[in-house]
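Chemist: Handing you this structure, nothing more for now.
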Amino acid sequence: MSVSLTAPFFTITSLLLLLVQEASSALPIIPVNGTCQTTCGTVPVKYPFGTGFGCGHPAFSRFIKCNLDTLQYSTRTGIYTISSIDYPSNTVIITDPFMSNCSEMQNSGSFSLEKASPFTLANENIFVLLGCSTTSPVFDSTQDFCDTGSGSRVCRGMYSCKGVTGIGLPQNAPISTCCVYDYPTGLGLGYTLDLPKLQCSSYTSVYEFGDEGDPMKWKFGISLLYNDSYYSDSCKECETSGGLCGFASLDESFSCVCRNGVNTTTNCFGQGYAWSGTKGPKIQNVLTIGGT
């Protein structure tokens, strides 16, 4: 009896190719995206948010990305840092690097929130315009743009800060150049805060007062709300399988991003791509000794 080495080699090779082909054909694959992560720096990132293009929901991906471990929100007026996301309350806190606070005040740029974005301004925001010209439209006597009640206390608090010298005012300056209004009432400018048009040097936003009498304890930033209706059964199934919910680059259809970066249209179960499973299709080696 003779043993053929050539026949078994071709038998094994053909069988392996057949099994790989069957495993690949059973897996609906769309473009690979290995950039999706569950955190960006110290901020947990969950659906509908994502860390890059193809991650999370497409409506959020246009505005949100992770850059050098910093989760960022981009608009036409600037790039803002997302300091925290509270998923139970659907609340996002963003900070403007040019926005003033008690410790440091500086000339600010404008702020906008596109109407097409999935975010809206939370009612907790109190916007404060600082260093405004006496001819600013916010001081139009025929309009009621500024809160002259409790807003006056906020203005006095801001102007008591040492940081006010950064916008060319002395500490405890008269508050006649300060205006406080609660969005969305006030200027009627939609989602845009246009400082040059308003003739103001700077702005800030307070979303929480710790100790109202001590502006150093106020929480500065812009509180945004987002709609959580984007979460679907498909995403839930994907996350249950260890995947991350994302979308295809061509038509923005749903995709489930598995551990090795391959995206599927369903989930990561039973396809060799589950986060808790193996990295590839399991192939059974069959060796046949002898041949014809």
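Residues in the structure tokens are named by chain (A, B, ... in the order shown) and by number from 1 within that chain; ligands are numbered from 1 in the order shown.
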Fewer than 4 positions away in the same chain doesn't count, so skip those; otherwise give me all residues within 12 Å of Asp140 of chain A, counting only C-alpha atoms, as number ranges by chain.

Modeler: A: 133-136, 144-146, 179, 186-187, 198

Chemist: Have a look at atom CA of Val138 of chain A and atom CA of Tyr203 of chain A and let me know their distance in Å, one decimal.

Modeler: 13.1 Å

Chemist: Extract, using only C-alpha atoms, all DNA, RNA and protein residues at most 10 Å from Phe111 of chain A, discarding same-chain residues fewer than 5 positions from it, and format them as a VMD selection string.

Modeler: chain A and resid 75 to 80 96 99 191 to 195 203

Chemist: Nearest to Tyr181 of chain A: which of A:Thr165, A:Thr70, A:Thr266, A:Thr204 is it, counting only C-alpha atoms?

Modeler: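 The closest residue to Tyr181 of chain A is A:Thr204.
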
Chemist: Residues of segment 10-239 of chain A in strand (DSSP E or B) according to DSSP, as a PyMOL selection string?

Modeler: chain A and resi 29-30+39-40+43-44+55+64-67+70-75+78-86+91-95+111-112+119-121+126-132+179-182+192-193+200-208+219-220+222-226

Chemist: Write out, as an mmCIF file, in the first residue's frame, the residues just selected, with C-alpha atoms.

Modeler:
```cif
data_model
loop_
_atom_site.group_PDB
_atom_site.id
_atom_site.type_symbol
_atom_site.label_atom_id
_atom_site.label_comp_id
_atom_site.auth_asym_id
_atom_site.auth_seq_id
_atom_site.Cartn_x
_atom_site.Cartn_y
_atom_site.Cartn_z
ATOM 1 C CA ILE A 29 -20.221 42.327 4.974
ATOM 2 C CA ILE A 30 -20.163 46.057 4.341
ATOM 3 C CA THR A 39 -14.874 55.694 25.334
ATOM 4 C CA CYS A 40 -13.189 58.906 24.258
ATOM 5 C CA VAL A 43 -16.183 60.148 28.480
ATOM 6 C CA PRO A 44 -18.192 56.902 27.942
ATOM 7 C CA CYS A 55 -19.956 54.971 14.428
ATOM 8 C CA ILE A 64 -19.550 64.395 16.961
ATOM 9 C CA LYS A 65 -16.077 62.891 16.782
ATOM 10 C CA CYS A 66 -13.263 61.782 19.070
ATOM 11 C CA ASN A 67 -10.069 63.713 18.435
ATOM 12 C CA THR A 70 -11.325 64.557 23.353
ATOM 13 C CA LEU A 71 -14.967 64.157 22.351
ATOM 14 C CA GLN A 72 -15.890 67.158 20.215
ATOM 15 C CA TYR A 73 -19.058 68.789 18.952
ATOM 16 C CA SER A 74 -18.612 70.827 15.777
ATOM 17 C CA THR A 75 -20.795 73.612 14.403
ATOM 18 C CA GLY A 78 -16.496 76.431 16.232
ATOM 19 C CA ILE A 79 -15.448 73.164 17.802
ATOM 20 C CA TYR A 80 -16.602 72.556 21.379
ATOM 21 C CA THR A 81 -15.463 70.009 23.927
ATOM 22 C CA ILE A 82 -18.033 67.561 25.290
ATOM 23 C CA SER A 83 -17.161 67.394 28.976
ATOM 24 C CA SER A 84 -19.900 64.951 29.991
ATOM 25 C CA ILE A 85 -22.901 62.972 28.740
ATOM 26 C CA ASP A 86 -25.695 61.972 31.101
ATOM 27 C CA THR A 91 -28.089 65.671 28.523
ATOM 28 C CA VAL A 92 -24.752 66.777 27.077
ATOM 29 C CA ILE A 93 -22.501 69.471 28.563
ATOM 30 C CA ILE A 94 -20.227 71.258 26.104
ATOM 31 C CA THR A 95 -17.607 73.908 26.777
ATOM 32 C CA PHE A 111 -22.052 80.365 19.151
ATOM 33 C CA SER A 112 -24.537 78.511 16.972
ATOM 34 C CA PHE A 119 -29.593 68.782 19.857
ATOM 35 C CA THR A 120 -31.627 71.494 21.509
ATOM 36 C CA LEU A 121 -30.666 73.953 24.214
ATOM 37 C CA ILE A 126 -28.472 81.178 31.378
ATOM 38 C CA PHE A 127 -26.500 83.103 28.777
ATOM 39 C CA VAL A 128 -24.650 86.187 29.936
ATOM 40 C CA LEU A 129 -23.405 88.818 27.472
ATOM 41 C CA LEU A 130 -20.373 90.671 28.812
ATOM 42 C CA GLY A 131 -18.678 93.933 27.886
ATOM 43 C CA CYS A 132 -21.472 95.090 25.581
ATOM 44 C CA CYS A 179 -27.072 91.432 29.786
ATOM 45 C CA VAL A 180 -28.619 88.177 31.005
ATOM 46 C CA TYR A 181 -31.345 86.276 29.196
ATOM 47 C CA ASP A 182 -32.721 82.754 29.391
ATOM 48 C CA THR A 192 -27.115 81.702 16.751
ATOM 49 C CA LEU A 193 -25.455 83.983 19.266
ATOM 50 C CA CYS A 200 -20.554 92.434 22.992
ATOM 51 C CA SER A 201 -16.991 91.409 23.847
ATOM 52 C CA SER A 202 -17.705 88.051 25.419
ATOM 53 C CA TYR A 203 -20.314 85.640 26.645
ATOM 54 C CA THR A 204 -20.713 82.860 29.135
ATOM 55 C CA SER A 205 -23.332 80.278 29.978
ATOM 56 C CA VAL A 206 -24.219 78.996 33.436
ATOM 57 C CA TYR A 207 -26.153 75.741 33.596
ATOM 58 C CA GLU A 208 -26.075 75.244 37.361
ATOM 59 C CA LYS A 219 -20.935 75.550 36.628
ATOM 60 C CA PHE A 220 -20.063 77.104 33.308
ATOM 61 C CA ILE A 222 -23.769 74.835 27.640
ATOM 62 C CA SER A 223 -26.304 72.135 28.428
ATOM 63 C CA LEU A 224 -27.800 70.387 25.401
ATOM 64 C CA LEU A 225 -30.604 67.852 25.149
ATOM 65 C CA TYR A 226 -30.763 65.100 22.560
#
```
